[in-house]
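Novice: Submitted below is the structure of interest, expressed as structure tokens.
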Amino acid sequence: MSNTKPPKELKPWIEAKKRHRLSQMHIQMARELGMNPKNFGKLDNHKQELWKAPLPHFIEDLYMKRFGKKAPDVVLSFEQINKLKVQKKEVAKQRKALKKAANVLPNSDK
């Protein structure tokens with residue numbers, strides 16, 4: 001990771017990626033599917049339940065059923081996701097400041 005700390009909402013995903021040895025693509029697919037990273041332990045096959053598919057294959061199958069494609073078009077790393085969130089916040093702050101400034105100007109003409 002870079003110098004900035006990852007946001008709180010990404011920490012469970014980072015831990016799940018390490019614990020279950022998933023790729024960034026599988027993590028992104030699971031996030032798009034709305035899966036809970038805390039429940040991956042139940043879904044993961046520990047080679048004890050032979051009828052269960054390994055977690056990466058299970059995620060791929062669900063993604064194929066839901067979206068009709070094998071993988072996301074663009075796979076973003078945690079750093080890129082964090083960077084996009086920060087940029088989005090800055091744009092929202094600027095927009096809010098502009099809106100506030102626009103509301104102040106008409107009132108000063110009175």
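Ordering of the structure tokens sets the chain letters (A, B, ...), residue numbers begin anew at 1 in every chain, and ligands are numbered from 1 in the order given.
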Taking 2 positions as the minimum chain separation for residues in the same chain, which residues sit within 9 Å of region 63-69 of chain A when counting only C-alpha atoms? Answer as a PyMOL selection string.

Specialist: chain A and resi 29-30+32-33+58-61+71-72

Novice: Within 12 Å of region 74-91 of chain A, counting only C-alpha atoms, which residues show up once you throw out same-chain ones fewer than 6 positions away? Write them as a list in words, please.

Specialist: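 Counting only C-alpha atoms, the residues come to Met1, Ser2, Asn3, Thr4, Lys5, Pro6, Pro7, Lys8, Glu9, Leu10, Lys11, Pro12, Trp13, Ile14, Glu15, Lys17, Ser23, Gln24, Met25, His26, Ile27, Gln28, Met29, Arg31, Glu32, Ala97 and Leu98 of chain A.
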
Novice: Pick out the closest residue to Lys18 (chain A) from this set: A:Phe40, A:Asn45, A:Ala92, A:Pro54. Count only C-alpha atoms.

Specialist: A:Phe40

Novice: Quick one: distance from CA of Asn39 (chain A) to CA of Asp73 (chain A) in Å, one decimal?

Specialist: 25.5 Å

Novice: Between CA of Gly34 (chain A) and CA of Leu50 (chain A), what is the distance, to one decimal in Å?

Specialist: 25.7 Å

Novice: I need the residues in region 25-89 of chain A that are alpha helix (DSSP H) according to DSSP; give them as JSON, numbers by chain.

Specialist: {"A": [25, 26, 27, 28, 29, 30, 31, 32, 33, 40, 41, 42, 43, 55, 56, 57, 58, 59, 60, 61, 62, 63, 64, 65, 66, 67, 78, 79, 80, 81, 82, 83, 84, 85, 86, 87, 88, 89]}

Novice: What is the CA of Leu43 (chain A)-CA of Leu22 (chain A) distance in Å, reported with one decimal?

Specialist: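 CA of Leu22 (chain A) lies at a distance of 13.0 Å from CA of Leu43 (chain A).
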